[in-house]
file target_4.cif (mmCIF, C-alpha atoms)
data_model
loop_
_atom_site.label_atom_id
_atom_site.label_comp_id
_atom_site.auth_asym_id
_atom_site.auth_seq_id
_atom_site.Cartn_x
_atom_site.Cartn_y
_atom_site.Cartn_z
CA MET A 19 7.45 0.65 -22.18
CA PRO A 20 9.35 -2.68 -22.55
CA GLY A 21 11.34 -1.83 -19.43
CA ALA A 22 8.14 -1.14 -17.53
CA GLU A 23 6.64 -4.44 -18.68
CA ARG A 24 9.74 -6.32 -17.51
CA SER A 25 9.42 -4.63 -14.13
CA ILE A 26 5.81 -5.70 -13.70
CA ARG A 27 6.59 -9.29 -14.66
CA SER A 28 9.48 -9.34 -12.18
CA ALA A 29 7.29 -7.86 -9.44
CA LEU A 30 4.73 -10.63 -9.82
CA GLN A 31 7.37 -13.35 -9.97
CA PHE A 32 9.07 -12.13 -6.78
CA TRP A 33 5.69 -11.80 -5.05
CA GLU A 34 4.76 -15.36 -5.96
CA GLN A 35 8.16 -16.69 -4.87
CA GLY A 36 7.87 -14.83 -1.57
CA ARG A 37 4.49 -16.35 -0.86
CA ARG A 38 5.86 -19.82 -1.48
CA PHE A 39 8.70 -19.22 0.97
CA GLU A 40 6.27 -17.81 3.52
CA ASP A 41 4.01 -20.88 3.15
CA GLU A 42 7.08 -23.07 3.72
CA GLY A 43 7.87 -21.26 6.97
CA ARG A 44 10.93 -19.45 5.62
CA PRO A 45 10.14 -15.80 6.45
CA VAL A 46 13.62 -14.38 5.82
CA LEU A 47 13.68 -15.68 2.25
CA ALA A 48 10.10 -14.53 1.79
CA ALA A 49 11.04 -11.02 2.94
CA ARG A 50 13.92 -10.88 0.48
CA ARG A 51 11.65 -11.80 -2.43
CA TYR A 52 8.98 -9.37 -1.31
CA THR A 53 11.59 -6.61 -1.09
CA ARG A 54 12.64 -7.25 -4.67
CA GLY A 55 9.01 -7.32 -5.72
CA LEU A 56 8.39 -3.93 -4.13
CA GLY A 57 11.44 -2.55 -5.93
CA SER A 58 10.09 -3.83 -9.22
CA PHE A 59 6.70 -2.24 -8.60
CA LEU A 60 8.43 1.05 -7.84
CA SER A 61 10.41 0.77 -11.05
CA TYR A 62 7.21 0.13 -12.97
CA VAL A 63 5.35 3.19 -11.70
CA LYS A 64 8.43 5.32 -12.45
CA LEU A 65 8.83 3.95 -15.98
CA ALA A 66 5.21 3.62 -17.11
CA ARG A 67 4.08 6.46 -19.37
CA THR A 68 0.34 6.08 -18.87
CA GLY A 69 -1.65 7.93 -16.26
CA GLN A 70 -3.82 4.84 -15.65
CA LEU A 71 -1.75 3.36 -12.85
CA ALA A 72 -4.40 2.52 -10.25
CA ASP A 73 -4.05 -1.23 -10.79
CA ALA A 74 -0.26 -1.17 -10.34
CA TYR A 75 -0.45 1.06 -7.27
CA TYR A 76 -3.13 -1.21 -5.79
CA ALA A 77 -0.90 -4.27 -6.21
CA PHE A 78 2.14 -2.31 -4.97
CA GLY A 79 0.23 -1.38 -1.81
CA SER A 80 -1.08 -4.92 -1.31
CA LEU A 81 2.40 -6.40 -1.45
CA GLY A 82 3.71 -3.66 0.84
CA ARG A 83 1.11 -4.53 3.45
CA GLU A 84 1.98 -8.23 3.21
CA MET A 85 5.65 -7.38 3.67
CA ALA A 86 4.97 -5.10 6.66
CA ARG A 87 2.88 -7.75 8.39
CA LEU A 88 5.58 -10.37 7.76
CA CYS A 89 8.28 -8.08 9.20
CA ALA A 90 6.24 -6.99 12.23
CA THR A 91 7.60 -9.86 14.36
CA MET A 92 11.11 -9.84 12.88
CA ASN A 93 12.23 -6.25 12.36
CA ARG A 94 10.04 -3.42 13.54
CA HIS A 95 12.01 -0.75 11.70
CA SER A 96 11.60 -2.62 8.40
CA ALA A 97 7.91 -3.16 9.13
CA LEU A 98 7.37 0.57 9.57
CA GLN A 99 9.25 1.40 6.39
CA ASN A 100 7.22 -1.07 4.37
CA ALA A 101 3.97 0.07 5.96
CA ARG A 102 4.75 3.63 4.87
CA MET A 103 5.53 2.43 1.33
CA ALA A 104 2.19 0.60 1.32
CA LEU A 105 0.45 3.70 2.63
CA ALA A 106 1.79 5.81 -0.24
CA ALA A 107 1.01 3.28 -2.96
CA SER A 108 -2.47 2.57 -1.57
CA HIS A 109 -3.14 6.29 -1.33
CA PHE A 110 -2.30 6.74 -5.02
CA ALA A 111 -4.65 3.84 -5.89
CA ASP A 112 -7.52 5.26 -3.82
CA PRO A 113 -9.91 7.29 -6.01
CA THR A 114 -11.07 9.28 -2.96
CA ARG A 115 -7.54 10.10 -1.72
CA GLY A 116 -8.80 9.32 1.78
CA ARG A 117 -11.83 11.62 1.69
CA ALA A 118 -14.73 9.68 3.18
CA GLU A 119 -17.26 12.13 1.76
CA LEU A 120 -16.25 11.01 -1.76
CA VAL A 121 -16.74 7.26 -1.14
CA GLU A 122 -20.35 7.19 -2.32
CA ARG A 123 -19.61 9.13 -5.51
CA GLU A 124 -16.65 6.92 -6.43
CA VAL A 125 -18.42 3.66 -5.65
CA ARG A 126 -21.47 4.69 -7.68
CA ALA A 127 -19.42 5.99 -10.60
CA GLY A 128 -16.56 3.50 -10.53
CA ARG A 129 -16.41 1.07 -13.40
CA GLU A 130 -15.02 -2.41 -12.84
CA ARG A 131 -11.93 -3.31 -14.83
CA THR A 132 -9.57 -6.24 -15.02
CA LEU A 133 -6.70 -6.09 -12.54
CA TYR A 134 -4.08 -6.50 -15.32
CA GLN A 135 -2.91 -9.78 -13.81
CA LEU A 136 -1.77 -7.94 -10.70
CA SER A 137 -3.59 -10.23 -8.30
CA LEU A 138 -1.84 -13.53 -7.70
CA GLY A 139 -3.86 -16.61 -8.51
CA ARG A 140 -6.86 -14.69 -9.86
CA ARG A 141 -6.11 -13.23 -13.26
CA ASP A 142 -9.77 -12.49 -13.90
CA GLN A 143 -10.26 -10.49 -10.72
CA LEU A 144 -11.90 -7.11 -11.14
CA LEU A 145 -10.43 -4.00 -9.60
CA THR A 146 -13.27 -1.94 -8.14
CA ALA A 147 -13.46 1.38 -6.35
CA GLU A 148 -14.42 -0.56 -3.21
CA MET A 149 -11.20 -2.58 -3.34
CA ARG A 150 -9.06 0.50 -3.87
CA ILE A 151 -10.71 2.40 -1.02
CA ALA A 152 -10.55 -0.59 1.35
CA GLY A 153 -6.85 -1.02 0.53
CA ALA A 154 -6.17 2.58 1.49
CA ALA A 155 -8.12 2.17 4.73
CA ASP A 156 -6.27 -1.04 5.56
CA ALA A 157 -2.92 0.69 4.98
CA ARG A 158 -3.95 3.31 7.54
CA ASP A 159 -4.98 0.63 10.02
CA LEU A 160 -1.70 -1.23 9.60
CA LEU A 161 0.57 1.79 10.05
CA ALA A 162 -1.45 2.94 13.06
CA PHE A 163 -0.98 -0.48 14.63
CA LEU A 164 2.78 -0.44 14.04
CA LEU A 165 3.06 3.07 15.47
CA GLY A 166 1.16 2.02 18.58
CA ASP A 167 4.12 0.49 20.40
CA GLU A 168 6.99 2.32 22.03
CA ALA A 169 9.48 1.46 19.28
CA ALA A 170 8.65 4.14 16.75
CA THR A 171 10.61 5.45 13.80
CA ARG A 172 14.31 5.81 14.50
CA PRO A 173 15.60 9.40 14.10
CA SER A 174 17.78 8.51 11.10
CA ALA A 175 14.68 7.34 9.20
CA GLN A 176 12.66 10.47 9.81
CA GLY A 177 12.36 13.42 7.47
CA ARG A 178 8.89 12.66 6.25
CA TRP A 179 7.66 12.87 2.66
CA PRO A 180 4.09 14.23 2.33
CA ILE A 181 2.68 11.83 -0.24
CA GLY A 182 2.40 13.39 -3.68
CA SER A 183 4.74 16.30 -3.06
CA GLY A 184 7.49 16.68 -5.65
CA GLY A 185 5.44 14.79 -8.24
CA ASP A 186 1.68 14.39 -8.60
CA THR A 187 1.73 10.59 -8.32
CA GLY A 188 5.10 10.05 -6.73
CA ARG A 189 6.89 9.77 -10.07
CA GLY A 190 8.89 12.98 -9.92
CA PRO A 191 12.16 13.38 -11.86
CA ILE A 192 14.37 11.91 -9.15
CA GLY A 193 16.49 8.78 -8.95
CA TYR A 194 15.24 5.34 -7.95
CA TRP A 195 16.96 5.21 -4.54
CA GLN A 196 15.84 8.68 -3.56
CA ASP A 197 12.30 7.80 -4.62
CA LYS A 198 12.40 4.58 -2.61
CA LYS A 199 13.64 6.49 0.43
CA ARG A 200 10.78 8.95 0.30
CA TYR A 201 8.25 6.10 -0.05
CA MET A 202 9.72 4.57 3.11
CA GLN A 203 9.27 7.92 4.87
CA ALA A 204 5.81 8.67 3.47
CA VAL A 205 3.19 10.48 5.49
CA LEU A 206 -0.34 11.35 4.44
CA PRO A 207 -0.87 15.04 3.66
CA SER A 208 -3.50 15.06 6.41
CA CYS A 209 -0.86 13.89 8.90
CA ALA A 210 2.03 16.12 7.82
CA GLY A 211 3.54 17.92 10.80
CA LEU A 212 1.97 15.60 13.40
CA ASP A 213 4.04 13.64 15.89
CA GLU A 214 3.68 9.89 15.65
CA ASN A 215 1.13 9.58 18.44
CA ARG A 216 -1.20 12.11 16.81
CA GLU A 217 -0.49 10.54 13.41
CA ARG A 218 -1.61 7.17 14.78
CA LEU A 219 -4.87 8.67 16.05
CA ARG A 220 -5.51 10.45 12.74
CA LEU A 221 -4.85 7.26 10.77
CA ARG A 222 -7.36 5.38 12.95
CA GLU A 223 -9.96 8.09 12.46
CA GLU A 224 -9.53 8.10 8.69
CA ALA A 225 -9.62 4.29 8.44
CA ASP A 226 -12.80 4.20 10.52
CA ALA A 227 -14.44 6.84 8.35
CA LEU A 228 -13.55 5.07 5.10
CA PHE A 229 -14.73 1.66 6.31
CA ARG A 230 -17.91 3.16 7.75
CA GLU A 231 -18.78 4.79 4.43
CA LEU A 232 -18.01 1.58 2.54
CA ARG A 233 -20.39 -0.35 4.79
CA ARG A 234 -23.11 2.24 4.23
CA VAL A 235 -22.70 2.66 0.47
CA ALA A 236 -21.75 -0.93 -0.44
CA PRO A 237 -23.23 -3.17 2.29
CA ASP A 238 -22.63 -6.30 0.19
CA TYR A 239 -18.89 -5.64 -0.11
CA ASP A 240 -16.73 -7.52 2.40
CA PRO A 241 -13.36 -5.78 2.88
CA GLY A 242 -12.11 -8.64 5.06
CA PRO A 243 -11.05 -8.68 8.71
CA ARG A 244 -9.12 -5.93 10.41
CA PRO A 245 -6.68 -8.18 12.28
CA GLU A 246 -4.63 -5.46 13.96
CA ARG A 247 -7.74 -4.26 15.78
CA GLY A 248 -8.11 -7.67 17.42
CA MET A 249 -4.48 -7.70 18.51
CA ARG A 250 -4.78 -4.56 20.63
#

call {"tool": "encode", "arguments": {"input": "target_4.cif", "output": "structure tokens"}}
result
Amino acid sequence: MPGAERSIRSALQFWEQGRRFEDEGRPVLAARRYTRGLGSFLSYVKLARTGQLADAYYAFGSLGREMARLCATMNRHSALQNARMALAASHFADPTRGRAELVEREVRAGRERTLYQLSLGRRDQLLTAEMRIAGAADARDLLAFLLGDEAATRPSAQGRWPIGSGGDTGRGPIGYWQDKKRYMQAVLPSCAGLDENRERLRLREEADALFRELRRVAPDYDPGPRPERGMR
């Protein structure tokens, strides 16, 4: 476990450094720190021996979405890779696994718990089922937006990994670099076998369904704006 703890500390340090560089208008340096932070999160979920990994996967997905949005105007290929990493991590954090019909049950039954210092600047923040579900919906929105333009995944980066295959939570007995590669090529089980246009449509449908159920079941919860929608 000491190695896992070092990984989580490194992930948070790189995330914080990246945000400082981004605030200073230095996106390339920010991207480099974010990349190292994502690698540290991946190391953590591979090394941790506990099954209670929702908080780490939630943070992993949040950083992946930040990285993808940062890269969207600099390197579209990198943005897509990071969006797929975020999709996988957010999917593992989501107690419904994308099933809108389970939102009400999970929100009603979900117990709040501390986010294990995995939320920058707010160490007392509570990780709720609503946050985990909204993160998974946002990851779908983001990838759908990035797939919406003509520049889609280059052929050399294809060879999709249906999330969860080869290991129940993506922690199968494979090496770090192979694991990272499959995260960057992740596809939801519901989208496996679809071309990218149909995948984009399915992602939109699932995001809409999850957000719609969240609004119905938890009307007081504000998941934040959906910026990509306004950019279309």

call {"tool": "resolve_selection", "arguments": {"input": "target_4.cif", "expression": "the PyMOL selection byres ((chain A and resi 123) around 12)", "output": "list in words"}}
result
Pro113, Thr114, Arg117, Ala118, Glu119, Leu120, Val121, Glu122, Glu124, Val125, Arg126, Ala127, Gly128, Arg129, Ala147, Glu148, Glu231, Leu232, Val235 and Ala236 of chain A

call {"tool": "closest_residue", "arguments": {"input": "target_4.cif", "among": "A:Tyr194, A:Met85, A:Pro180, A:Phe59", "to": "A:Gln99", "atoms": "only C-alpha atoms"}}
result
A:Met85

call {"tool": "resolve_selection", "arguments": {"input": "target_4.cif", "expression": "the PyMOL selection byres ((chain A and resi 37) around 12)", "output": "short mmCIF file (atom, residue, chain, number, x, y, z; two decimals) with C-alpha atoms, keeping the file's coordinate frame"}}
result
data_model
loop_
_atom_site.label_atom_id
_atom_site.label_comp_id
_atom_site.auth_asym_id
_atom_site.auth_seq_id
_atom_site.Cartn_x
_atom_site.Cartn_y
_atom_site.Cartn_z
CA LEU A 30 4.73 -10.63 -9.82
CA GLN A 31 7.37 -13.35 -9.97
CA PHE A 32 9.07 -12.13 -6.78
CA TRP A 33 5.69 -11.80 -5.05
CA GLU A 34 4.76 -15.36 -5.96
CA GLN A 35 8.16 -16.69 -4.87
CA GLY A 36 7.87 -14.83 -1.57
CA ARG A 38 5.86 -19.82 -1.48
CA PHE A 39 8.70 -19.22 0.97
CA GLU A 40 6.27 -17.81 3.52
CA ASP A 41 4.01 -20.88 3.15
CA GLU A 42 7.08 -23.07 3.72
CA GLY A 43 7.87 -21.26 6.97
CA ARG A 44 10.93 -19.45 5.62
CA PRO A 45 10.14 -15.80 6.45
CA VAL A 46 13.62 -14.38 5.82
CA LEU A 47 13.68 -15.68 2.25
CA ALA A 48 10.10 -14.53 1.79
CA ALA A 49 11.04 -11.02 2.94
CA ARG A 50 13.92 -10.88 0.48
CA ARG A 51 11.65 -11.80 -2.43
CA TYR A 52 8.98 -9.37 -1.31
CA GLY A 55 9.01 -7.32 -5.72
CA LEU A 81 2.40 -6.40 -1.45
CA GLU A 84 1.98 -8.23 3.21
CA MET A 85 5.65 -7.38 3.67
CA LEU A 88 5.58 -10.37 7.76
CA LEU A 138 -1.84 -13.53 -7.70
CA GLY A 139 -3.86 -16.61 -8.51
#

call {"tool": "atom_distance", "arguments": {"input": "target_4.cif", "atom1": "atom CA of A:Leu71", "atom2": "atom CA of A:Asp112"}}
result
10.9 Å

call {"tool": "closest_residue", "arguments": {"input": "target_4.cif", "among": "A:Arg83, A:Arg234, A:Arg67, A:His95", "to": "A:Ala154", "atoms": "all atoms listed in the file"}}
result
A:Arg83

call {"tool": "atom_distance", "arguments": {"input": "target_4.cif", "atom1": "atom CA of A:Gly116", "atom2": "atom CA of A:Leu98"}}
result
20.0 Å

call {"tool": "atom_distance", "arguments": {"input": "target_4.cif", "atom1": "atom CA of A:Ala66", "atom2": "atom CA of A:Ala22"}}
result
5.6 Å

call {"tool": "closest_residue", "arguments": {"input": "target_4.cif", "among": "A:Thr91, A:Ser25, A:Gln143, A:Ser61", "to": "A:Leu164", "atoms": "only C-alpha atoms"}}
result
A:Thr91

call {"tool": "closest_residue", "arguments": {"input": "target_4.cif", "among": "A:Leu161, A:Met103, A:Ala204, A:Leu219", "to": "A:Gly57", "atoms": "all atoms listed in the file"}}
result
A:Met103

call {"tool": "closest_residue", "arguments": {"input": "target_4.cif", "among": "A:Arg54, A:Arg150, A:Asn100, A:Met92", "to": "A:Ala77", "atoms": "all atoms listed in the file"}}
result
A:Arg150

call {"tool": "closest_residue", "arguments": {"input": "target_4.cif", "among": "A:Arg24, A:Trp179, A:Ser96, A:Asp156", "to": "A:Gly211", "atoms": "all atoms listed in the file"}}
result
A:Trp179

call {"tool": "residues_around", "arguments": {"input": "target_4.cif", "residues": "A:Ala157", "least_positions_apart": "2", "cutoff": "9 Å", "atoms": "only C-alpha atoms", "output": "VMD selection string"}}
result
chain A and resid 79 to 80 82 to 83 101 to 102 104 to 106 108 to 109 152 to 155 159 to 162 221 225

call {"tool": "axis_aligned_box", "arguments": {"input": "target_4.cif", "around": "stretch 190-200 of chain A", "padding_each_side": "4 Å", "output": "AutoDock Vina command-line options"}}
result
--center_x 12.9 --center_y 9.0 --center_z -5.7 --size_x 16.1 --size_y 16.8 --size_z 20.3

call {"tool": "decode", "arguments": {"input": "target_4.cif", "residues": "stretch 225-236 of chain A", "atoms": "all heavy atoms", "output": "tab-separated table (two decimals), in the first residue's frame"}}
result
chain	number	residue	atom	x	y	z
A	225	ALA	N	-26.01	10.37	-21.91
A	225	ALA	CA	-25.79	11.55	-21.06
A	225	ALA	C	-27.12	12.24	-20.77
A	225	ALA	O	-27.40	12.62	-19.63
A	225	ALA	CB	-24.83	12.52	-21.74
A	226	ASP	N	-27.95	12.40	-21.80
A	226	ASP	CA	-29.26	13.02	-21.60
A	226	ASP	C	-30.09	12.24	-20.59
A	226	ASP	O	-30.74	12.83	-19.71
A	226	ASP	CB	-30.01	13.10	-22.93
A	226	ASP	CG	-29.49	14.21	-23.84
A	226	ASP	OD1	-28.82	15.12	-23.33
A	226	ASP	OD2	-29.75	14.15	-25.05
A	227	ALA	N	-30.09	10.93	-20.71
A	227	ALA	CA	-30.90	10.11	-19.81
A	227	ALA	C	-30.42	10.22	-18.37
A	227	ALA	O	-31.23	10.32	-17.43
A	227	ALA	CB	-30.87	8.66	-20.28
A	228	LEU	N	-29.10	10.20	-18.17
A	228	LEU	CA	-28.56	10.30	-16.81
A	228	LEU	C	-28.86	11.66	-16.20
A	228	LEU	O	-29.30	11.77	-15.04
A	228	LEU	CB	-27.05	10.05	-16.83
A	228	LEU	CG	-26.62	8.61	-17.11
A	228	LEU	CD1	-25.12	8.54	-17.32
A	228	LEU	CD2	-27.03	7.69	-15.95
A	229	PHE	N	-28.63	12.74	-16.96
A	229	PHE	CA	-28.92	14.08	-16.44
A	229	PHE	C	-30.41	14.26	-16.18
A	229	PHE	O	-30.81	14.91	-15.21
A	229	PHE	CB	-28.41	15.15	-17.40
A	229	PHE	CG	-26.94	15.43	-17.28
A	229	PHE	CD1	-26.11	15.36	-18.39
A	229	PHE	CD2	-26.36	15.77	-16.07
A	229	PHE	CE1	-24.75	15.62	-18.29
A	229	PHE	CE2	-25.01	16.03	-15.95
A	229	PHE	CZ	-24.19	15.96	-17.07
A	230	ARG	N	-31.23	13.73	-17.05
A	230	ARG	CA	-32.68	13.86	-16.87
A	230	ARG	C	-33.14	13.18	-15.58
A	230	ARG	O	-33.94	13.73	-14.82
A	230	ARG	CB	-33.40	13.26	-18.08
A	230	ARG	CG	-34.92	13.45	-18.06
A	230	ARG	CD	-35.53	13.12	-19.41
A	230	ARG	NE	-35.19	11.80	-19.89
A	230	ARG	CZ	-34.39	11.55	-20.95
A	230	ARG	NH1	-33.86	12.55	-21.64
A	230	ARG	NH2	-34.15	10.32	-21.33
A	231	GLU	N	-32.61	11.99	-15.32
A	231	GLU	CA	-32.98	11.29	-14.09
A	231	GLU	C	-32.44	12.01	-12.85
A	231	GLU	O	-33.10	12.06	-11.81
A	231	GLU	CB	-32.45	9.86	-14.12
A	231	GLU	CG	-33.37	8.88	-14.81
A	231	GLU	CD	-34.71	8.79	-14.10
A	231	GLU	OE1	-34.79	8.15	-13.03
A	231	GLU	OE2	-35.69	9.36	-14.62
A	232	LEU	N	-31.23	12.57	-12.95
A	232	LEU	CA	-30.70	13.33	-11.83
A	232	LEU	C	-31.58	14.53	-11.51
A	232	LEU	O	-31.85	14.83	-10.34
A	232	LEU	CB	-29.28	13.81	-12.13
A	232	LEU	CG	-28.14	12.84	-11.85
A	232	LEU	CD1	-26.81	13.45	-12.25
A	232	LEU	CD2	-28.10	12.46	-10.36
A	233	ARG	N	-32.04	15.22	-12.54
A	233	ARG	CA	-32.92	16.38	-12.30
A	233	ARG	C	-34.23	15.95	-11.66
A	233	ARG	O	-34.78	16.66	-10.82
A	233	ARG	CB	-33.18	17.11	-13.62
A	233	ARG	CG	-32.01	17.92	-14.15
A	233	ARG	CD	-32.44	18.87	-15.26
A	233	ARG	NE	-32.96	18.16	-16.41
A	233	ARG	CZ	-32.22	17.75	-17.43
A	233	ARG	NH1	-30.92	17.98	-17.43
A	233	ARG	NH2	-32.77	17.11	-18.45
A	234	ARG	N	-34.72	14.79	-12.04
A	234	ARG	CA	-36.00	14.32	-11.48
A	234	ARG	C	-35.84	13.85	-10.04
A	234	ARG	O	-36.64	14.20	-9.17
A	234	ARG	CB	-36.55	13.18	-12.34
A	234	ARG	CG	-37.93	12.68	-11.89
A	234	ARG	CD	-38.38	11.50	-12.71
A	234	ARG	NE	-37.62	10.29	-12.44
A	234	ARG	CZ	-37.87	9.48	-11.39
A	234	ARG	NH1	-38.83	9.76	-10.53
A	234	ARG	NH2	-37.15	8.39	-11.23
A	235	VAL	N	-34.80	13.06	-9.79
A	235	VAL	CA	-34.63	12.43	-8.48
A	235	VAL	C	-34.01	13.39	-7.47
A	235	VAL	O	-34.36	13.37	-6.29
A	235	VAL	CB	-33.76	11.17	-8.62
A	235	VAL	CG1	-33.45	10.57	-7.26
A	235	VAL	CG2	-34.44	10.15	-9.51
A	236	ALA	N	-33.08	14.24	-7.94
A	236	ALA	CA	-32.38	15.16	-7.03
A	236	ALA	C	-32.46	16.58	-7.59
A	236	ALA	O	-31.46	17.13	-8.06
A	236	ALA	CB	-30.93	14.72	-6.87
